[in-house]
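Before any comments, here is the structure.
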Amino acid sequence: MTPLTSGVASDGASVAAFVDRVTARVTWIAAAQGAAAGLVLAALIMLVAVPAGSGSRDGALPFTLSHAFFPAAITVLCALTGASMQIARTTRTTSASAQLIERGAPSSRNVIFTANELARASADATPDASRVEALVCAEADRVVATLDLSALVPARRPLVALTIGVASVALVAARDSAPLRDVARVARSIAAPGVPRIDEIVVTVTPPSYANQAPTMVRNPSRVEALTGSRLSMRVLGRADSLRVETARGVQRVGRDAGRAFQVTLAAETDGFIALTPFDSAERDGLKRLVGLTVNPDHAPRVRITAPTRDLFVRDSAHVIDLAIESGDDLALESLRLRYTKVSGSGERFTFTDGEVPLALTRGSDRAWTARARWPLAPLGLSRGDMVVYRAVATDRRPGSVPQESDALIAEIVAIGGDAVAGFAIDPDQERYAVSQQMIVIKTERLIARRASMPPDSLTRASQELAAEQRKVRAEFVFMMGGELADEPDPDADMNDLNEEAEAEAEDDILAGRLENRGRMALMRAIRAMSRAATELTNVQLTSALALEKSAVTQLEMAFARTRILLRALSQRETLDETRRLTGQLADARSDRRAVPSAAIDPRQVALRRALADLADPGRGDRGSESRRATGSRPALSLLAESVLRIDPSDVTLQVVARQLSDASRAVSGNSRDNARALLDSAVVALADVARQTQPRAGSGGPSFTARLLRGAIVDRGKTRKSIRNGKRDRNRVPRR
Amino acid sequence: MRYRIVWMLRALAFGIALLAAIDPAITIQRRARPTVSVIAVDPVEEQEHADSVSRVLSGTARVVRGSFAMADATVLVGDRLPESLQRGATPVFAVTDASDRAAVRLTRVDVPDRVPLHASTELRITVAVSAGGVARGVIPTGEESAREASSSPRASNHESTRTLTLTLRHGDALLDRQTYRLTGRDTILQPTLAFVPALPGGVPLRVEASISGATSASSGDASRTVASAVADAMVTVDERAWNVLVYDPRPSWMSTFVRRALERDPRFAVTSRIVTSRAISTTAGRAPATLDDPSTLAPFELIILGAPDALGERDINGVESFLRQRGGSVVLLFDTPARGATDRLTGVAGIADWSMHTSPTALPLRAPPFLASSRASVSATRAPLLATQVLSPVNLSAGAEARLVDAAGRSIVWQTSVGAGQLLVSGALDAWRFRDPDTSAFDRTWQQLIGNAAAASVPPLVVSVTPNVLAPTDSALVRVVLRDAALAYATEGRTADISTDVAAHLQWTERDSTRREPVRLWPDGAIGSLRGTLRLPQLGSPSDDAVPFDARLVVTADGGQSETAVRIDGARRHASAEGLDLLRRWTATHGGSVESMSTLLALADSIGAVVQAAPRAERWYPMRSRWWIIPFALALGAEWWSRRRRGLA
């Protein structure tokens, strides 16, 4: 130890600085350790979560940020998290650092620790104490000067760990890079020389141009999803001279291009599969690769009018309608319009005029548009009783797509004294058959029963409502007849009265004799009775209205009697086939003999059973080892996967089964027989389940012969006892009678 | 002195040699060690246990592996009785670890002998699960392990971590799998496994039940198999279609739509006659004109009667003969509340015994809970049938079973027996109106109901082989019933004009040649019933014993023939209904007891306490011990050394 009288003074600042440096070094070493662990974790996550072959890294397609964002984000997040956690776990106080130094340099005999504390303590010490402190600090300075920071806190191992972490992430991120793929390809060619094979399949899915979507690329996929109309460009690398491409639509043979690869272009139209088989120059085939194809349809756009939400009945044409429309599509909208049809006229003589309302469109995105408009009705020149029927129409960008319409709404100028115009106020789908003529009769009878207790105003209003309903019913039959009857019927008119205008319009039918039948006449009489009943109801003449309503019912019954139930006979003369009418002479009736119908066996069931049989014994005919016979060979499994997918390419379960078989095929080639067996088991169970769902369930076959005889004897015994009991009961009843 | 020692050594050597040449025999009275026969119930599975038992007993008894009638005691190693236990020595002891660990036993596997190709079949399995006292999956192989096991604490709180997995396999292929979580200690489950036939012919199936899960408190291996059981079965997949006659005495919508459903199912060959007016009918196939002649109905397995209220007494008589003498199945499809003359068949007589219900909305009819399948292929959103008018018996008679019931539990479609025949009665009068596949499984339901009824029809030759999977050294019981003869005797007591020739043989292919082995059949009590024993002859080579192969039992009688698939498999396993309980009773009645593997050391004491080997005279040859060579050599050697020390030759 240095003597106390050496006269060297120090305030310990250099010791404190050294301790601070140690603290900083400990901190960044901890950060490096944590980051290393985080990077290894990130590499594992990327290995599992980011499938190989996704993205565009081979230069064939532009590299987008989205492809790199997820791996980069995972890497940074894991590294930061690991570093933060390790720093938090590490004690970073100066005291701990001083202890660390003392452990690394035991010859200092605690003087560094003491000097560090003295240097950071308050300066209110006595002179003697200050001298001692100076001596301690001086001694500490001397010791510190001999210490090597890198030896004291070595960073070699954390740096190695960090390097390993970075390398792991880089290796995983670059596992799809061309050099690594080339290395794998060379390894495979060394392992199996001379056998035609497929090393790599790169599928580029180019959606149709109207979809405005970027092409996507997948490498070695087991299934490809594409939008209808997409173009599938497949680049196949491998050792082969030609490639057979088999799809559900057919087979084609493809040769190598200049780049020693096979280029295949297909159109995605329906669900299916793509089977690729390599051939060498001697026409020996190699291992088949199967790629499932799922084609997603382009859905039609959706459009609806959100305001107004119901039909409008306005008093005059000065009304302005505030319109709001929403539309959406799964890809992109092309247009959104509001079309209307102006209906003017009365009775059954109307004029229809089409038009379009300008809209203020708001394109939130290509997929969702909204539109608003203030639509004044005045320019349409509507008069009382006229109406406009309007609906929104949207189209998407798919060429040739059918415009989709919203529900149609009505805006009507209400006629004086009428709440609704017969024939148009009804939603055809909802209320066409809601009110029948018989119901009008019943309602009228009820109103007559309540007439004495009702105030006159209420009676009038109820009667006029009934008149409106009567007009609705009448309108249905008028439309069925072709709509040539006058709106205001003449109560005194007769069926034989000539309406020259209608006569001229129906001249062809009259000349052809199509209007001469009793059913038609009965229907016309019913309609006229309905007209007169409506008039009576409007005039609150309930009793006479009821008689006319019942007359209409009678005429309707005559019109739709069984002998003329065919409505086409009302407007078209046809020669009826009496042999099909269960009519004729009884003496002509003969027995009929038909062939025994044979059930058509469902081809899907047959295919499922065949696949099950093949799957139950995949190694049939294989002379290999027992384990190989249990799992089958790779070509056999690949063929099975294709046959399963052929059964129904759109069936999700069968898609899963085919994928499992493909995976099993790969597991077999990788000598992972146990894994292949497990995949095969799952595939068989799933396939059997599909087959079971579409088959009836058979019973257990019933009891044994002896048990059957015994059961029959028990039932017979029960019948005998019951008949005896019933006989006694009957005998007991006789005296009472 | 030294010379005397030399002389003595020489005399000793000569004495030993002389006595060895004489080989004297001494008769003594003593207790001999008992001879114990150790039999492994399953030579493969229980081999290690049998070795352990032999090791433990070898110190106190002579152990003979295998059955030995002259032994003083027999020890069975396993959790059940051997399938072919010969008359062995008593007392009988048993050693099992079933009482120590979780055990699973397949007590019953209901597999129909024949299943149609175009339908799926459910195999009903009965599994007995015992949780066991000691959750121990390691089988002890020596004394040390046995001691450890006997002192290990009883862990009984691990049942919730265990799962029972049932699998159905055909060869290596897994056809179905069901997994259950075990919550109770001892449980009996009756799950079902689905079998979807792929090809016609014999199909060997193997059902395996295994319990897996944590095996001890400290063990974290949740996937270890604790116990398992296996049962083999053979099923014949039949492609033949059932002959069905549809007979409508008047046109009936109900019958028409049921017939159309059957015509779409390849399992049925439908012949029909619809009487549309007097002497006028529409027929398909060779349909009989009337039902009063049983001989014209015999070719059909099943008859569907539409509008049965229009049938006359003569028709009903013919149908009853078909049921009783043919053992066929009949379906009555009522479409009006009137029942005509059918009450005699249904056994529900009198208007008071029937109830008629009408609902404004369609009533769903479903299978009763005891028949409902847990693996139903029909969607749960669809009712099997819908109807607004239903006719049902007030009370089902004895022997009748409901097939479809309404929400109030009334039996709308039900089945009863008429003699050996089956009668299915439908009171869903207007179910034909609700055939929308989205709401009702009309077609599927009738295909299943009528398929089951047709399968229950008695074939001309009823042949059963029990078991139908057997080892080359096993024997199987063959039962043959000649339907016509048996039913003629059972229904009419007729025996005079019954004469028939019956022959049976087992047929299989061996080295590309067909081998046949006749099976002798003997009368078995009732007329028309025969029985025989199926034993396999010596196969071509010893290695053939291990190779499983399929054979057919062919039975011919009266020009008819029936073939039943039989599986020959040296490693066959069967379901065992009794198991441990029977073993306990058997050992108790044979003077022994059941011991646990964990208390194996006590087995010797138990045997010693029971087996009192009497003292007996034994001839003892003392010179026949190999140890005499040591004193002989020592004496000669010492004598030679002594002589050399003294310089003698």
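By order of appearance in the structure tokens: chains A, B, ..., then residues from 1 within every chain, and ligands from 1 in the order shown.
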
Excluding Ala400 in chain B and any residue of its chain fewer than 2 positions from it, enumerate the residues within 10 Å of it, using only C-alpha atoms, and give them as a VMD selection string.
(chain A and resid 711 to 712 715) or (chain B and resid 346 to 347 395 to 398 402 to 403 414 to 417 422 to 424)

Selection near Ala526 in chain B, 10 Å with only C-alpha atoms, sequence-local residues under 6 positions removed, as a ChimeraX atom specification: /B:481,485-486,489-490

Please produce a file of the residues just selected, as a short mmCIF file (atom, residue, chain, number, x, y, z; two decimals), in the first residue's frame, where the atoms kept are C-alpha atoms.
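What ended up in again_20.cif:
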data_model
loop_
_atom_site.label_atom_id
_atom_site.label_comp_id
_atom_site.auth_asym_id
_atom_site.auth_seq_id
_atom_site.Cartn_x
_atom_site.Cartn_y
_atom_site.Cartn_z
CA VAL B 481 -80.44 -71.68 -39.64
CA ALA B 485 -87.57 -75.15 -42.30
CA ALA B 486 -87.10 -73.30 -39.02
CA TYR B 489 -91.59 -75.62 -37.59
CA ALA B 490 -91.82 -72.52 -35.41
#

| task | Please provide as a VMD selection string all residues within 8 Å of range 502-514 of chain B, with the sequence filter that same-chain residues fewer than 5 positions apart are discarded (counting only C-alpha atoms). | result | chain B and resid 519 to 521 540 550 to 558

Keeping only N, CA and C atoms, write the selected residues to a file as an mmCIF file, in the first residue's frame.
data_model
loop_
_atom_site.group_PDB
_atom_site.id
_atom_site.type_symbol
_atom_site.label_atom_id
_atom_site.label_comp_id
_atom_site.auth_asym_id
_atom_site.auth_seq_id
_atom_site.Cartn_x
_atom_site.Cartn_y
_atom_site.Cartn_z
ATOM 1 N N VAL B 519 -66.662 -78.437 -43.167
ATOM 2 C CA VAL B 519 -67.097 -78.146 -41.798
ATOM 3 C C VAL B 519 -68.325 -79.005 -41.528
ATOM 4 N N ARG B 520 -68.241 -79.822 -40.498
ATOM 5 C CA ARG B 520 -69.375 -80.701 -40.185
ATOM 6 C C ARG B 520 -70.427 -79.907 -39.412
ATOM 7 N N LEU B 521 -71.666 -80.073 -39.839
ATOM 8 C CA LEU B 521 -72.777 -79.411 -39.169
ATOM 9 C C LEU B 521 -73.664 -80.473 -38.522
ATOM 10 N N GLY B 540 -49.797 -74.481 -44.757
ATOM 11 C CA GLY B 540 -48.699 -74.932 -45.590
ATOM 12 C C GLY B 540 -47.345 -74.874 -44.908
ATOM 13 N N ASP B 550 -57.648 -63.990 -45.485
ATOM 14 C CA ASP B 550 -59.107 -64.055 -45.462
ATOM 15 C C ASP B 550 -59.570 -65.392 -46.016
ATOM 16 N N ALA B 551 -60.633 -65.901 -45.430
ATOM 17 C CA ALA B 551 -61.245 -67.127 -45.914
ATOM 18 C C ALA B 551 -62.755 -66.910 -45.986
ATOM 19 N N ARG B 552 -63.437 -67.838 -46.603
ATOM 20 C CA ARG B 552 -64.889 -67.745 -46.712
ATOM 21 C C ARG B 552 -65.508 -69.044 -46.233
ATOM 22 N N LEU B 553 -66.513 -68.900 -45.418
ATOM 23 C CA LEU B 553 -67.290 -70.074 -45.044
ATOM 24 C C LEU B 553 -68.465 -70.144 -46.005
ATOM 25 N N VAL B 554 -68.511 -71.199 -46.798
ATOM 26 C CA VAL B 554 -69.552 -71.343 -47.814
ATOM 27 C C VAL B 554 -70.535 -72.399 -47.331
ATOM 28 N N VAL B 555 -71.789 -72.009 -47.217
ATOM 29 C CA VAL B 555 -72.841 -72.936 -46.800
ATOM 30 C C VAL B 555 -73.843 -73.028 -47.940
ATOM 31 N N THR B 556 -74.159 -74.243 -48.355
ATOM 32 C CA THR B 556 -75.135 -74.446 -49.429
ATOM 33 C C THR B 556 -76.269 -75.302 -48.895
ATOM 34 N N ALA B 557 -77.459 -74.942 -49.338
ATOM 35 C CA ALA B 557 -78.644 -75.719 -48.950
ATOM 36 C C ALA B 557 -79.758 -75.416 -49.940
ATOM 37 N N ASP B 558 -80.353 -76.446 -50.476
ATOM 38 C CA ASP B 558 -81.486 -76.285 -51.391
ATOM 39 C C ASP B 558 -81.176 -75.358 -52.548
#

Write down, as a compact mmCIF listing (two decimals) with N, CA and C atoms, in the first residue's frame, each residue of chain B that has any atom within 7 Å of an atom of chain A, counting only C-alpha atoms.
# COMPACT_ATOMS: atom_id res chain seq x y z
N PRO B 112 -72.22 -55.45 -37.50
CA PRO B 112 -73.10 -56.33 -38.29
C PRO B 112 -72.27 -57.22 -39.21
N HIS B 118 -73.57 -49.10 -50.26
CA HIS B 118 -73.95 -47.71 -50.51
C HIS B 118 -74.49 -47.01 -49.27
N ALA B 119 -74.02 -47.38 -48.12
CA ALA B 119 -74.46 -46.70 -46.89
C ALA B 119 -73.33 -46.77 -45.88
N SER B 120 -73.34 -45.81 -44.99
CA SER B 120 -72.36 -45.85 -43.92
C SER B 120 -72.94 -46.62 -42.74
N THR B 121 -72.09 -47.18 -41.95
CA THR B 121 -72.53 -48.01 -40.82
C THR B 121 -71.86 -47.51 -39.55
N HIS B 170 -58.58 -50.13 -40.70
CA HIS B 170 -58.59 -51.22 -41.68
C HIS B 170 -57.15 -51.33 -42.16
N ASP B 172 -53.57 -50.54 -42.04
CA ASP B 172 -52.88 -49.39 -41.48
C ASP B 172 -53.71 -48.12 -41.54
N ALA B 173 -54.80 -48.18 -42.28
CA ALA B 173 -55.57 -46.95 -42.50
C ALA B 173 -56.50 -46.68 -41.33
N LEU B 174 -56.45 -45.45 -40.86
CA LEU B 174 -57.35 -45.01 -39.79
C LEU B 174 -58.65 -44.56 -40.44
N LEU B 175 -59.75 -45.23 -40.12
CA LEU B 175 -61.03 -44.90 -40.73
C LEU B 175 -61.82 -43.91 -39.90
N ASP B 176 -61.72 -44.01 -38.60
CA ASP B 176 -62.47 -43.08 -37.75
C ASP B 176 -61.76 -43.00 -36.40
N VAL B 196 -67.34 -46.39 -43.37
CA VAL B 196 -67.84 -46.11 -44.72
C VAL B 196 -67.22 -47.14 -45.66
N ALA B 198 -65.85 -49.02 -48.80
CA ALA B 198 -65.30 -48.51 -50.06
C ALA B 198 -65.42 -49.55 -51.17
N LEU B 199 -65.27 -50.80 -50.83
CA LEU B 199 -65.31 -51.86 -51.83
C LEU B 199 -66.10 -53.03 -51.28
N GLU B 263 -86.37 -45.50 -55.09
CA GLU B 263 -85.88 -45.72 -56.45
C GLU B 263 -84.60 -44.92 -56.73
N ARG B 264 -84.33 -43.93 -55.90
CA ARG B 264 -83.09 -43.16 -56.06
C ARG B 264 -81.94 -43.77 -55.26
N ASP B 265 -82.21 -44.82 -54.51
CA ASP B 265 -81.19 -45.43 -53.65
C ASP B 265 -80.75 -46.75 -54.27
N PRO B 266 -79.47 -46.90 -54.61
CA PRO B 266 -79.05 -48.15 -55.27
C PRO B 266 -79.13 -49.38 -54.38
N VAL B 270 -86.74 -51.86 -56.70
CA VAL B 270 -88.13 -51.61 -56.35
C VAL B 270 -89.06 -52.16 -57.43
N THR B 271 -89.92 -53.04 -57.01
CA THR B 271 -91.00 -53.53 -57.85
C THR B 271 -92.29 -52.95 -57.28
N ILE B 280 -107.39 -52.56 -62.85
CA ILE B 280 -106.45 -51.70 -63.59
C ILE B 280 -105.36 -51.25 -62.62
N SER B 281 -104.14 -51.44 -63.04
CA SER B 281 -103.06 -51.07 -62.15
C SER B 281 -101.83 -50.67 -62.97
N THR B 282 -100.95 -49.99 -62.33
CA THR B 282 -99.67 -49.62 -62.94
C THR B 282 -98.59 -50.42 -62.23
N THR B 283 -97.84 -51.18 -63.00
CA THR B 283 -96.84 -52.04 -62.37
C THR B 283 -95.46 -51.73 -62.92
N ALA B 284 -94.49 -51.99 -62.11
CA ALA B 284 -93.09 -51.92 -62.52
C ALA B 284 -92.44 -53.20 -62.05
N GLY B 285 -91.92 -53.98 -62.97
CA GLY B 285 -91.34 -55.27 -62.61
C GLY B 285 -92.40 -56.33 -62.46
N GLY B 347 -101.55 -55.06 -33.93
CA GLY B 347 -101.84 -55.39 -32.54
C GLY B 347 -102.46 -54.24 -31.78
N SER B 377 -75.76 -37.99 -39.95
CA SER B 377 -75.32 -37.30 -41.15
C SER B 377 -76.35 -36.27 -41.60
N ALA B 398 -96.14 -54.42 -26.02
CA ALA B 398 -94.86 -55.04 -25.63
C ALA B 398 -94.14 -55.53 -26.87
N GLY B 399 -92.87 -55.26 -26.94
CA GLY B 399 -92.06 -55.68 -28.09
C GLY B 399 -92.00 -54.65 -29.19
N SER B 417 -92.87 -56.70 -33.92
CA SER B 417 -92.58 -58.01 -34.51
C SER B 417 -93.88 -58.74 -34.77
N VAL B 418 -93.92 -59.44 -35.88
CA VAL B 418 -95.01 -60.37 -36.17
C VAL B 418 -94.34 -61.69 -36.51
N GLY B 419 -94.31 -62.60 -35.57
CA GLY B 419 -93.53 -63.82 -35.76
C GLY B 419 -92.06 -63.44 -35.88
N ALA B 420 -91.41 -63.97 -36.92
CA ALA B 420 -90.01 -63.62 -37.14
C ALA B 420 -89.86 -62.38 -37.99
N ARG B 444 -84.01 -39.13 -47.17
CA ARG B 444 -82.97 -39.80 -46.40
C ARG B 444 -83.59 -40.63 -45.26
N GLN B 447 -85.22 -43.73 -46.63
CA GLN B 447 -84.18 -44.66 -47.10
C GLN B 447 -83.54 -45.39 -45.92
N GLN B 448 -83.31 -44.67 -44.83
CA GLN B 448 -82.69 -45.29 -43.67
C GLN B 448 -83.66 -46.24 -42.97
N GLY B 451 -84.30 -49.16 -45.22
CA GLY B 451 -83.06 -49.94 -45.34
C GLY B 451 -82.83 -50.80 -44.10
N ASN B 452 -83.06 -50.21 -42.94
CA ASN B 452 -82.91 -50.99 -41.71
C ASN B 452 -83.92 -52.12 -41.64
N ALA B 455 -82.84 -54.84 -44.01
CA ALA B 455 -81.68 -55.58 -43.49
C ALA B 455 -82.11 -56.57 -42.42
N ALA B 456 -83.24 -56.27 -41.77
CA ALA B 456 -83.72 -57.17 -40.71
C ALA B 456 -84.49 -58.34 -41.27

> Near Ala360 in chain A, counting only C-alpha atoms, which residues have an atom at most 7 Å away, once you skip same-chain residues fewer than 3 positions from it, shown as a ChimeraX atom specification?
Replying inline: /A:371-373

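Picture a line from CA of Val413 in chain B to CA of Val425 in chain B; it runs 5.6 Å.
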
### Message
When you count only C-alpha atoms, which of these residues is closest to Pro622 in chain B: B:Ala25, B:Ala575, B:Ala227, B:Ile412?
### Response
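Going through B:Ala25, B:Ala575, B:Ala227, B:Ile412 one by one, the smallest distance to Pro622 in chain B is for B:Ala25.
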
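Among the candidates A:Leu276, A:Ala37, A:Ala240, A:Ala140, the residue lying nearest to Ser168 in chain A is A:Ala37 (atoms considered: only C-alpha atoms).
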
Problem - Nearby residues (only C-alpha atoms) at most 8 Å from Thr60 in chain B, same-chain spacing under 5 positions excluded, as a list of chain:residue names - result: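 With the cut-off at 8 Å, the set is B:Arg33, B:Pro34, B:Ala604.
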
Can you write just those residues out, N, CA and C atoms, as an mmCIF file, in the first residue's frame?
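Output file result.cif follows:
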data_model
loop_
_atom_site.group_PDB
_atom_site.id
_atom_site.type_symbol
_atom_site.label_atom_id
_atom_site.label_comp_id
_atom_site.auth_asym_id
_atom_site.auth_seq_id
_atom_site.Cartn_x
_atom_site.Cartn_y
_atom_site.Cartn_z
ATOM 1 N N ARG B 33 -40.288 -78.796 -3.174
ATOM 2 C CA ARG B 33 -40.732 -77.449 -3.606
ATOM 3 C C ARG B 33 -41.921 -77.599 -4.544
ATOM 4 N N PRO B 34 -42.932 -76.750 -4.384
ATOM 5 C CA PRO B 34 -44.101 -76.906 -5.260
ATOM 6 C C PRO B 34 -43.758 -76.543 -6.699
ATOM 7 N N ALA B 604 -45.775 -65.367 -3.583
ATOM 8 C CA ALA B 604 -45.159 -66.610 -3.112
ATOM 9 C C ALA B 604 -45.745 -67.028 -1.771
#

Counting only C-alpha atoms, closest pick from A:Ala559, A:Met521, A:Ala534, A:Leu661 relative to Thr444 in chain A is A:Ala534

Show which residues sit within 8 Å of range 324-337 of chain B, as number ranges by chain. Count only C-alpha atoms, and ignore same-chain residues fewer than 4 positions away.
-> B: 252-255, 298, 300-309, 319-320, 356, 391, 418-430, 450, 453-454, 456-458, 483-484, 487-488, 491

Using backbone DSSP assignments, extract all helix (DSSP H, G or I) residues from range 11-212 of chain A; output them as a ChimeraX atom specification. /A:13-49,65-89,94-104,106-108,111-120,127-146,149-152,156-173,178-191,209-211

Counting only C-alpha atoms, what is within 7 Å of range 235-238 of chain B, bar same-chain residues fewer than 2 positions away, as an mmCIF file with C-alpha atoms, in the first residue's frame?
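The file below, selection27.cif, is the result:
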data_model
loop_
_atom_site.group_PDB
_atom_site.id
_atom_site.type_symbol
_atom_site.label_atom_id
_atom_site.label_comp_id
_atom_site.auth_asym_id
_atom_site.auth_seq_id
_atom_site.Cartn_x
_atom_site.Cartn_y
_atom_site.Cartn_z
ATOM 1 C CA PRO B 112 -73.099 -56.326 -38.292
ATOM 2 C CA ASP B 113 -72.028 -59.354 -40.280
ATOM 3 C CA ARG B 114 -73.084 -57.680 -43.488
ATOM 4 C CA VAL B 115 -73.286 -54.028 -44.437
ATOM 5 C CA PRO B 116 -74.476 -52.518 -47.711
ATOM 6 C CA LEU B 117 -71.949 -50.848 -49.934
ATOM 7 C CA PRO B 197 -67.446 -49.105 -47.029
ATOM 8 C CA PRO B 200 -67.439 -54.989 -51.650
ATOM 9 C CA GLY B 201 -66.057 -58.060 -49.940
ATOM 10 C CA GLY B 202 -64.656 -58.958 -46.551
ATOM 11 C CA VAL B 203 -63.130 -56.091 -44.611
ATOM 12 C CA PRO B 204 -61.085 -56.771 -41.475
ATOM 13 C CA ALA B 233 -63.866 -57.843 -36.309
ATOM 14 C CA ARG B 240 -76.583 -56.855 -53.528
ATOM 15 C CA ALA B 565 -66.027 -63.817 -44.521
#

Nearest candidate to Pro635 in chain A (options A:Val668, A:Val389, A:Val143, A:Val652; using only C-alpha atoms):
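Smallest distance to Pro635 in chain A is found for A:Val668.
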
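Between CA of Glu48 in chain B and CA of Leu168 in chain B the interatomic distance comes to 27.5 Å.
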
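Using only C-alpha atoms, the nearest neighbour of Ser242 in chain A within the list A:Arg450, A:Arg391, A:His319, A:Arg260 is A:Arg260.
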
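Among the candidates B:Phe434, B:Asp292, B:His357, B:Ser499, the residue lying nearest to Phe257 in chain B is B:Phe434 (atoms considered: only C-alpha atoms).
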